[in-house]
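Participant: Quick one, work_16.cif (mmCIF, C-alpha atoms; chains and numbers go by the auth columns):
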```cif
data_run
#
loop_
_atom_site.group_PDB
_atom_site.id
_atom_site.type_symbol
_atom_site.label_atom_id
_atom_site.label_comp_id
_atom_site.label_asym_id
_atom_site.label_seq_id
_atom_site.Cartn_x
_atom_site.Cartn_y
_atom_site.Cartn_z
_atom_site.B_iso_or_equiv
_atom_site.auth_seq_id
_atom_site.auth_asym_id
ATOM 1 C CA MET A 1 30.176 -6.554 -5.706 0.00 1 I
ATOM 2 C CA MET A 2 26.954 -4.913 -4.568 0.00 2 I
ATOM 3 C CA ASN A 3 25.048 -7.307 -2.275 0.00 3 I
ATOM 4 C CA ASN A 4 22.233 -4.875 -1.610 0.00 4 I
ATOM 5 C CA LEU A 5 20.784 -2.358 -4.065 0.00 5 I
ATOM 6 C CA PHE A 6 20.408 0.240 -1.298 0.00 6 I
ATOM 7 C CA SER A 7 24.098 -0.069 -0.382 0.00 7 I
ATOM 8 C CA ILE A 8 24.798 2.785 -2.838 0.00 8 I
ATOM 9 C CA PHE A 9 23.175 5.068 -0.246 0.00 9 I
ATOM 10 C CA ASP A 10 25.174 3.640 2.663 0.00 10 I
ATOM 11 C CA PRO A 11 28.018 5.957 3.709 0.00 11 I
ATOM 12 C CA SER A 12 30.469 3.124 4.322 0.00 12 I
ATOM 13 C CA THR A 13 33.630 4.671 2.813 0.00 13 I
ATOM 14 C CA ASN A 14 35.925 5.481 5.694 0.00 14 I
ATOM 15 C CA LEU A 15 39.522 6.255 6.557 0.00 15 I
ATOM 16 C CA PHE A 16 40.763 5.944 10.141 0.00 16 I
ATOM 17 C CA ASN A 17 37.142 5.189 11.134 0.00 17 I
ATOM 18 C CA LEU A 18 36.004 8.548 9.718 0.00 18 I
ATOM 19 C CA SER A 19 33.057 8.442 7.317 0.00 19 I
ATOM 20 C CA LEU A 20 34.414 10.290 4.287 0.00 20 I
ATOM 21 C CA ASN A 21 31.193 10.195 2.318 0.00 21 I
ATOM 22 C CA TRP A 22 29.662 12.917 4.489 0.00 22 I
ATOM 23 C CA VAL A 23 32.469 15.276 3.427 0.00 23 I
ATOM 24 C CA SER A 24 30.553 15.792 0.159 0.00 24 I
ATOM 25 C CA THR A 25 27.907 17.690 2.170 0.00 25 I
ATOM 26 C CA PHE A 26 30.333 20.598 2.608 0.00 26 I
ATOM 27 C CA ALA A 27 31.920 20.415 -0.851 0.00 27 I
ATOM 28 C CA GLY A 28 29.763 23.349 -2.003 0.00 28 I
ATOM 29 C CA ILE A 29 31.812 25.638 0.248 0.00 29 I
ATOM 30 C CA LEU A 30 34.738 25.122 -2.154 0.00 30 I
ATOM 31 C CA PHE A 31 32.758 26.653 -5.048 0.00 31 I
ATOM 32 C CA ILE A 32 31.069 29.584 -3.293 0.00 32 I
ATOM 33 C CA PRO A 33 34.127 31.755 -2.378 0.00 33 I
ATOM 34 C CA LEU A 34 35.256 31.906 -6.012 0.00 34 I
ATOM 35 C CA SER A 35 32.369 34.279 -6.764 0.00 35 I
ATOM 36 C CA PHE A 36 33.547 36.781 -4.169 0.00 36 I
ATOM 37 C CA TRP A 37 37.307 36.759 -4.789 0.00 37 I
ATOM 38 C CA LEU A 38 37.421 36.747 -8.587 0.00 38 I
ATOM 39 C CA ILE A 39 36.450 39.541 -10.956 0.00 39 I
ATOM 40 C CA PRO A 40 32.695 39.436 -11.764 0.00 40 I
ATOM 41 C CA ASN A 41 32.219 36.655 -14.278 0.00 41 I
ATOM 42 C CA ARG A 42 29.346 34.619 -15.672 0.00 42 I
ATOM 43 C CA HIS A 43 29.240 32.405 -12.606 0.00 43 I
ATOM 44 C CA TYR A 44 28.969 35.478 -10.354 0.00 44 I
ATOM 45 C CA ILE A 45 26.284 37.096 -12.557 0.00 45 I
ATOM 46 C CA MET A 46 24.216 33.888 -12.653 0.00 46 I
ATOM 47 C CA TRP A 47 24.546 33.472 -8.865 0.00 47 I
ATOM 48 C CA ASN A 48 23.330 37.040 -8.283 0.00 48 I
ATOM 49 C CA PHE A 49 20.487 36.679 -10.779 0.00 49 I
ATOM 50 C CA ILE A 50 19.148 33.521 -9.097 0.00 50 I
ATOM 51 C CA SER A 51 19.586 35.011 -5.615 0.00 51 I
ATOM 52 C CA ASN A 52 17.704 38.191 -6.553 0.00 52 I
ATOM 53 C CA LYS A 53 14.831 36.274 -8.143 0.00 53 I
ATOM 54 C CA LEU A 54 14.525 34.002 -5.099 0.00 54 I
ATOM 55 C CA ASN A 55 14.716 37.012 -2.775 0.00 55 I
ATOM 56 C CA ILE A 56 11.817 38.724 -4.560 0.00 56 I
ATOM 57 C CA GLU A 57 9.689 35.558 -4.553 0.00 57 I
ATOM 58 C CA PHE A 58 10.355 34.696 -0.900 0.00 58 I
ATOM 59 C CA LYS A 59 9.558 38.289 0.116 0.00 59 I
ATOM 60 C CA THR A 60 6.189 37.948 -1.605 0.00 60 I
ATOM 61 C CA LEU A 61 5.497 34.627 0.146 0.00 61 I
ATOM 62 C CA LEU A 62 6.488 35.958 3.578 0.00 62 I
ATOM 63 C CA GLY A 63 4.240 39.011 3.166 0.00 63 I
ATOM 64 C CA PRO A 64 4.543 42.404 4.836 0.00 64 I
ATOM 65 C CA ASN A 65 4.951 40.863 8.316 0.00 65 I
ATOM 66 C CA GLY A 66 8.154 39.022 7.415 0.00 66 I
ATOM 67 C CA PHE A 67 11.400 40.131 9.029 0.00 67 I
ATOM 68 C CA LYS A 68 13.944 41.929 6.876 0.00 68 I
ATOM 69 C CA GLY A 69 16.724 39.599 5.789 0.00 69 I
ATOM 70 C CA SER A 70 14.816 36.430 6.675 0.00 70 I
ATOM 71 C CA THR A 71 14.673 35.503 2.983 0.00 71 I
ATOM 72 C CA PHE A 72 18.431 34.847 3.047 0.00 72 I
ATOM 73 C CA ILE A 73 17.841 31.832 5.297 0.00 73 I
ATOM 74 C CA PHE A 74 15.696 30.214 2.615 0.00 74 I
ATOM 75 C CA ILE A 75 18.010 31.290 -0.227 0.00 75 I
ATOM 76 C CA SER A 76 20.910 29.636 1.628 0.00 76 I
ATOM 77 C CA LEU A 77 18.762 26.538 2.152 0.00 77 I
ATOM 78 C CA PHE A 78 17.994 26.432 -1.586 0.00 78 I
ATOM 79 C CA PHE A 79 21.667 26.606 -2.582 0.00 79 I
ATOM 80 C CA PHE A 80 22.738 24.103 0.081 0.00 80 I
ATOM 81 C CA ILE A 81 20.254 21.465 -1.111 0.00 81 I
ATOM 82 C CA LEU A 82 20.964 22.298 -4.763 0.00 82 I
ATOM 83 C CA PHE A 83 24.717 21.766 -4.331 0.00 83 I
ATOM 84 C CA ASN A 84 24.238 18.448 -2.559 0.00 84 I
ATOM 85 C CA ASN A 85 21.685 17.210 -5.096 0.00 85 I
ATOM 86 C CA PHE A 86 23.951 18.068 -8.022 0.00 86 I
ATOM 87 C CA LEU A 87 27.103 16.630 -6.476 0.00 87 I
ATOM 88 C CA GLY A 88 25.258 13.334 -6.080 0.00 88 I
ATOM 89 C CA LEU A 89 24.959 13.100 -9.876 0.00 89 I
ATOM 90 C CA PHE A 90 28.738 12.778 -10.248 0.00 90 I
ATOM 91 C CA PRO A 91 30.279 9.282 -10.078 0.00 91 I
ATOM 92 C CA TYR A 92 31.659 8.119 -6.725 0.00 92 I
ATOM 93 C CA ILE A 93 30.251 11.115 -4.827 0.00 93 I
ATOM 94 C CA PHE A 94 27.861 10.324 -2.009 0.00 94 I
ATOM 95 C CA THR A 95 24.438 12.020 -2.166 0.00 95 I
ATOM 96 C CA SER A 96 23.919 13.276 1.374 0.00 96 I
ATOM 97 C CA THR A 97 20.385 14.513 0.637 0.00 97 I
ATOM 98 C CA SER A 98 19.320 10.922 -0.077 0.00 98 I
ATOM 99 C CA HIS A 99 19.598 10.253 3.664 0.00 99 I
ATOM 100 C CA LEU A 100 17.027 11.188 6.279 0.00 100 I
ATOM 101 C CA ASN A 101 19.941 12.198 8.526 0.00 101 I
ATOM 102 C CA ILE A 102 20.397 15.365 6.491 0.00 102 I
ATOM 103 C CA SER A 103 16.892 16.079 5.180 0.00 103 I
ATOM 104 C CA LEU A 104 15.146 15.441 8.519 0.00 104 I
ATOM 105 C CA SER A 105 17.742 17.508 10.401 0.00 105 I
ATOM 106 C CA ILE A 106 17.053 20.468 8.105 0.00 106 I
ATOM 107 C CA SER A 107 13.251 20.226 8.082 0.00 107 I
ATOM 108 C CA LEU A 108 12.884 19.408 11.794 0.00 108 I
ATOM 109 C CA THR A 109 15.156 22.265 12.857 0.00 109 I
ATOM 110 C CA LEU A 110 13.261 24.809 10.728 0.00 110 I
ATOM 111 C CA TRP A 111 9.831 23.500 11.807 0.00 111 I
ATOM 112 C CA LEU A 112 10.724 23.537 15.511 0.00 112 I
ATOM 113 C CA SER A 113 12.066 27.094 15.183 0.00 113 I
ATOM 114 C CA PHE A 114 8.844 28.255 13.509 0.00 114 I
ATOM 115 C CA MET A 115 6.635 26.506 16.069 0.00 115 I
ATOM 116 C CA ILE A 116 8.527 27.815 19.112 0.00 116 I
ATOM 117 C CA TYR A 117 8.528 31.370 17.736 0.00 117 I
ATOM 118 C CA GLY A 118 4.861 31.206 16.689 0.00 118 I
ATOM 119 C CA TRP A 119 3.468 29.802 19.936 0.00 119 I
ATOM 120 C CA ILE A 120 5.496 32.217 22.090 0.00 120 I
ATOM 121 C CA ASN A 121 4.937 35.439 20.123 0.00 121 I
ATOM 122 C CA ASN A 122 1.729 34.850 18.110 0.00 122 I
ATOM 123 C CA THR A 123 -0.270 32.409 20.245 0.00 123 I
ATOM 124 C CA GLN A 124 -3.666 33.734 19.167 0.00 124 I
ATOM 125 C CA ASN A 125 -2.697 33.571 15.487 0.00 125 I
ATOM 126 C CA MET A 126 -1.527 29.956 15.901 0.00 126 I
ATOM 127 C CA PHE A 127 -4.888 28.994 17.455 0.00 127 I
ATOM 128 C CA ILE A 128 -6.704 30.703 14.557 0.00 128 I
ATOM 129 C CA HIS A 129 -4.817 28.492 12.081 0.00 129 I
ATOM 130 C CA MET A 130 -6.201 25.432 13.885 0.00 130 I
ATOM 131 C CA ILE A 131 -9.764 26.190 12.779 0.00 131 I
ATOM 132 C CA PRO A 132 -10.411 27.203 9.142 0.00 132 I
ATOM 133 C CA GLN A 133 -12.836 30.080 8.618 0.00 133 I
ATOM 134 C CA GLY A 134 -16.483 29.040 8.355 0.00 134 I
ATOM 135 C CA THR A 135 -16.094 25.693 10.165 0.00 135 I
ATOM 136 C CA PRO A 136 -19.362 24.582 11.886 0.00 136 I
ATOM 137 C CA THR A 137 -19.177 24.479 15.692 0.00 137 I
ATOM 138 C CA ILE A 138 -19.808 20.739 15.848 0.00 138 I
ATOM 139 C CA LEU A 139 -16.819 20.026 13.591 0.00 139 I
ATOM 140 C CA MET A 140 -14.348 22.296 15.399 0.00 140 I
ATOM 141 C CA PRO A 141 -12.804 19.566 17.662 0.00 141 I
ATOM 142 C CA PHE A 142 -12.222 17.335 14.633 0.00 142 I
ATOM 143 C CA MET A 143 -10.720 20.185 12.612 0.00 143 I
ATOM 144 C CA VAL A 144 -8.340 21.033 15.460 0.00 144 I
ATOM 145 C CA LEU A 145 -7.242 17.381 15.603 0.00 145 I
ATOM 146 C CA ILE A 146 -6.763 17.167 11.825 0.00 146 I
ATOM 147 C CA GLU A 147 -4.874 20.471 11.632 0.00 147 I
ATOM 148 C CA THR A 148 -2.644 19.443 14.567 0.00 148 I
ATOM 149 C CA ILE A 149 -1.736 16.138 12.920 0.00 149 I
ATOM 150 C CA SER A 150 -1.084 17.808 9.547 0.00 150 I
ATOM 151 C CA ASN A 151 1.137 20.346 11.295 0.00 151 I
ATOM 152 C CA ILE A 152 3.125 17.709 13.196 0.00 152 I
ATOM 153 C CA ILE A 153 3.867 15.612 10.090 0.00 153 I
ATOM 154 C CA ARG A 154 5.159 18.600 8.090 0.00 154 I
ATOM 155 C CA PRO A 155 8.885 18.050 8.816 0.00 155 I
ATOM 156 C CA GLY A 156 8.489 14.346 7.999 0.00 156 I
ATOM 157 C CA THR A 157 6.813 15.044 4.668 0.00 157 I
ATOM 158 C CA LEU A 158 9.490 17.590 3.723 0.00 158 I
ATOM 159 C CA ALA A 159 12.287 15.151 4.582 0.00 159 I
ATOM 160 C CA VAL A 160 10.704 12.109 2.911 0.00 160 I
ATOM 161 C CA ARG A 161 9.850 14.103 -0.237 0.00 161 I
ATOM 162 C CA LEU A 162 13.481 15.117 -0.748 0.00 162 I
ATOM 163 C CA THR A 163 14.948 11.737 0.209 0.00 163 I
ATOM 164 C CA ALA A 164 12.507 9.665 -1.863 0.00 164 I
ATOM 165 C CA ASN A 165 12.991 11.764 -4.990 0.00 165 I
ATOM 166 C CA MET A 166 16.779 11.551 -4.767 0.00 166 I
ATOM 167 C CA ILE A 167 16.745 7.810 -4.046 0.00 167 I
ATOM 168 C CA ALA A 168 14.277 6.961 -6.839 0.00 168 I
ATOM 169 C CA GLY A 169 16.365 8.414 -9.671 0.00 169 I
ATOM 170 C CA HIS A 170 19.637 6.957 -8.409 0.00 170 I
ATOM 171 C CA LEU A 171 18.067 3.521 -7.978 0.00 171 I
ATOM 172 C CA LEU A 172 16.689 3.592 -11.507 0.00 172 I
ATOM 173 C CA LEU A 173 20.091 4.563 -12.941 0.00 173 I
ATOM 174 C CA THR A 174 21.773 1.810 -10.909 0.00 174 I
ATOM 175 C CA LEU A 175 19.262 -0.816 -12.054 0.00 175 I
ATOM 176 C CA LEU A 176 19.690 0.153 -15.713 0.00 176 I
ATOM 177 C CA SER A 177 23.483 0.165 -15.520 0.00 177 I
ATOM 178 C CA SER A 178 23.559 -3.242 -13.837 0.00 178 I
ATOM 179 C CA THR A 179 21.491 -4.786 -16.649 0.00 179 I
ATOM 180 C CA GLY A 180 23.890 -3.480 -19.332 0.00 180 I
ATOM 181 C CA ILE A 181 26.407 -6.272 -18.633 0.00 181 I
ATOM 182 C CA ASN A 182 24.142 -8.973 -20.053 0.00 182 I
ATOM 183 C CA MET A 183 22.804 -6.917 -22.963 0.00 183 I
ATOM 184 C CA PRO A 184 23.855 -7.407 -26.596 0.00 184 I
ATOM 185 C CA ASN A 185 25.911 -4.606 -28.150 0.00 185 I
ATOM 186 C CA TYR A 186 23.118 -3.157 -30.294 0.00 186 I
ATOM 187 C CA LEU A 187 20.920 -2.597 -27.217 0.00 187 I
ATOM 188 C CA ILE A 188 23.634 -0.875 -25.210 0.00 188 I
ATOM 189 C CA ILE A 189 23.282 2.209 -27.442 0.00 189 I
ATOM 190 C CA PHE A 190 19.606 2.507 -26.472 0.00 190 I
ATOM 191 C CA LEU A 191 20.546 1.974 -22.828 0.00 191 I
ATOM 192 C CA ILE A 192 23.076 4.822 -22.983 0.00 192 I
ATOM 193 C CA ILE A 193 20.477 7.150 -24.574 0.00 193 I
ATOM 194 C CA ILE A 194 17.940 6.257 -21.860 0.00 194 I
ATOM 195 C CA GLN A 195 20.511 6.895 -19.131 0.00 195 I
ATOM 196 C CA ILE A 196 21.424 10.284 -20.637 0.00 196 I
ATOM 197 C CA LEU A 197 17.732 11.235 -20.629 0.00 197 I
ATOM 198 C CA LEU A 198 17.428 10.051 -17.037 0.00 198 I
ATOM 199 C CA MET A 199 20.447 12.146 -16.062 0.00 199 I
ATOM 200 C CA ILE A 200 18.765 15.214 -17.588 0.00 200 I
ATOM 201 C CA LEU A 201 15.618 14.356 -15.615 0.00 201 I
ATOM 202 C CA GLU A 202 17.665 13.922 -12.431 0.00 202 I
ATOM 203 C CA SER A 203 19.274 17.322 -12.996 0.00 203 I
ATOM 204 C CA ALA A 204 15.809 18.865 -13.247 0.00 204 I
ATOM 205 C CA VAL A 205 14.674 16.979 -10.120 0.00 205 I
ATOM 206 C CA ALA A 206 17.739 18.293 -8.229 0.00 206 I
ATOM 207 C CA ILE A 207 16.685 21.888 -8.972 0.00 207 I
ATOM 208 C CA ILE A 208 12.956 21.321 -8.445 0.00 208 I
ATOM 209 C CA GLN A 209 13.380 19.588 -5.076 0.00 209 I
ATOM 210 C CA ALA A 210 15.652 22.350 -3.758 0.00 210 I
ATOM 211 C CA TYR A 211 13.075 24.923 -4.875 0.00 211 I
ATOM 212 C CA VAL A 212 10.115 23.005 -3.424 0.00 212 I
ATOM 213 C CA ILE A 213 11.753 22.562 -0.008 0.00 213 I
ATOM 214 C CA SER A 214 12.671 26.269 0.125 0.00 214 I
ATOM 215 C CA VAL A 215 9.213 27.458 -0.930 0.00 215 I
ATOM 216 C CA LEU A 216 7.378 25.167 1.509 0.00 216 I
ATOM 217 C CA SER A 217 9.685 26.248 4.346 0.00 217 I
ATOM 218 C CA THR A 218 8.930 29.882 3.468 0.00 218 I
ATOM 219 C CA LEU A 219 5.181 29.203 3.495 0.00 219 I
ATOM 220 C CA TYR A 220 5.416 27.483 6.883 0.00 220 I
ATOM 221 C CA SER A 221 7.351 30.490 8.162 0.00 221 I
ATOM 222 C CA SER A 222 4.734 32.941 6.858 0.00 222 I
ATOM 223 C CA GLU A 223 2.004 31.188 8.855 0.00 223 I
ATOM 224 C CA VAL A 224 3.573 32.011 12.227 0.00 224 I
ATOM 225 C CA ASN A 225 3.845 35.792 11.577 0.00 225 I
#
```
Can you dump the structure from the file as structure tokens?
Facilitator:
Amino acid sequence: MMNNLFSIFDPSTNLFNLSLNWVSTFAGILFIPLSFWLIPNRHYIMWNFISNKLNIEFKTLLGPNGFKGSTFIFISLFFFILFNNFLGLFPYIFTSTSHLNISLSISLTLWLSFMIYGWINNTQNMFIHMIPQGTPTILMPFMVLIETISNIIRPGTLAVRLTANMIAGHLLLTLLSSTGINMPNYLIIFLIIIQILLMILESAVAIIQAYVISVLSTLYSSEVN
């Protein structure tokens, strides 16, 4: 029996005091090698097509100053989040991206890397970003303060955006499924249709959130070059 609605996001399944729910985070590794060891198939072609499209787009976002090969970091990030989001749609599989442990670790690590690199190598450029072009002299201290705060909260907003979107859909599906017990038979059909539509929406959200996190991380990276 579920005492707390949010207990579906609590990684409490364990064996020998090991939290097994977090194993789902690395389940994507089981699918990836198949593309490289089997003859080229549809899965391999689709994987390459998506990777090439993302590579072209991330190169455009990074601009001419971006390092060669740096787009692969963000492509890997996209696929990592995508795998974890999708695995969470299957029954009895823990959604690791619905926890701030994972999402904040990813966003904070990337943000700190960008900030350390930017302030060490492009200090003048980082100061320029603090004051937008055309700002009156009297407003410059306030703009620096606002830009500093908006920069500091970036990893938090990235993490909360991913976590909140994954939690919201799962909570809605859980609430609907828990009400089906007391429903008459003729309404259960409508409930099933609604849940199927919500699952389609959740599948779209899983892709969109992975894309959004990758694109925003790329944009943050482009600012420090």
Participant: Excluding region 190-200 of chain I and its own-chain neighbours fewer than 3 positions away, which residues fall within 8 Å of it when counting all atoms listed in the file? Please give them as a list in words.
Facilitator: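 With the cut-off at 8 Å, the set is Leu89, Gly169, Leu173, Leu176, Gly180, Tyr186, Leu187, Ser203 and Ala204 of chain I.
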Participant: For a test of reading the model, state the distance in Å between CA of Phe79 (chain I) and CA of Thr174 (chain I), rounded to one decimal.
Facilitator: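 Distance reported for this atom pair: 26.2 Å.
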Participant: Quick one: apply the PyMOL selection byres ((chain I and resi 104) around 8) to the file and drop the selected residues here as a list of chain:residue names.
Facilitator: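 Checked against the file, the PyMOL selection byres ((chain I and resi 104) around 8) matches I:Leu100, I:Asn101, I:Ile102, I:Ser103, I:Ser105, I:Ile106, I:Ser107, I:Leu108, I:Pro155, I:Gly156, I:Leu158, I:Ala159, I:Val160.
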Participant: I'd like the residues picked by the PyMOL selection byres ((chain I and resi 24) around 9) written out as a ChimeraX atom specification, using the chain letters and numbers from the file.
Facilitator: /I:20-23,25-28,84,87-88,93-96
Participant: Using only C-alpha atoms, I'd like a table of the residues in region 155-186 of chain I that come within 10 Å of region 208-216 of chain I; for each, show the closest atom pair and its distance in Å rounded to one decimal, ordered by chain and ascending number, as a Markdown table.
Facilitator:
```
| residue | atom | partner | partner_atom | distance |
| --- | --- | --- | --- | --- |
| I:Leu158 | CA | I:Ile213 | CA | 6.6 |
| I:Ala159 | CA | I:Ile213 | CA | 8.7 |
| I:Arg161 | CA | I:Gln209 | CA | 8.1 |
| I:Leu162 | CA | I:Gln209 | CA | 6.2 |
| I:Thr163 | CA | I:Gln209 | CA | 9.6 |
| I:Asn165 | CA | I:Gln209 | CA | 7.8 |
| I:Met166 | CA | I:Gln209 | CA | 8.7 |
```
Participant: Between I:Met126, I:Leu82, I:Ile152, I:Ile45, which has the minimum distance to Trp111 (chain I) (counting only C-alpha atoms)?
Facilitator: I:Ile152
Participant: Pick from I:Tyr220, I:Tyr117, I:Phe80, I:Phe72: nearest to Lys59 (chain I), with all atoms listed in the file counted?
Facilitator: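 Ranking I:Tyr220, I:Tyr117, I:Phe80, I:Phe72 by distance to Lys59 (chain I), first place goes to I:Phe72.
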Participant: So which residues touch Met130 (chain I) within 8 Å, counting all atoms listed in the file, skipping near sequence neighbours fewer than 3 positions away, as number ranges by chain?
Facilitator: I: 126-127, 143-144, 147-148
Participant: Kindly give the distance, in Å, that separates CA of Tyr44 (chain I) and CA of Ile73 (chain I), rounded to a single decimal.
Facilitator: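 Calculated distance between CA of Tyr44 (chain I) and CA of Ile73 (chain I) is 19.5 Å.
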Participant: Between CA of Leu61 (chain I) and CA of Phe49 (chain I), what is the spacing in Å?
Facilitator: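 Separation of CA of Phe49 (chain I) and CA of Leu61 (chain I): 18.7 Å.
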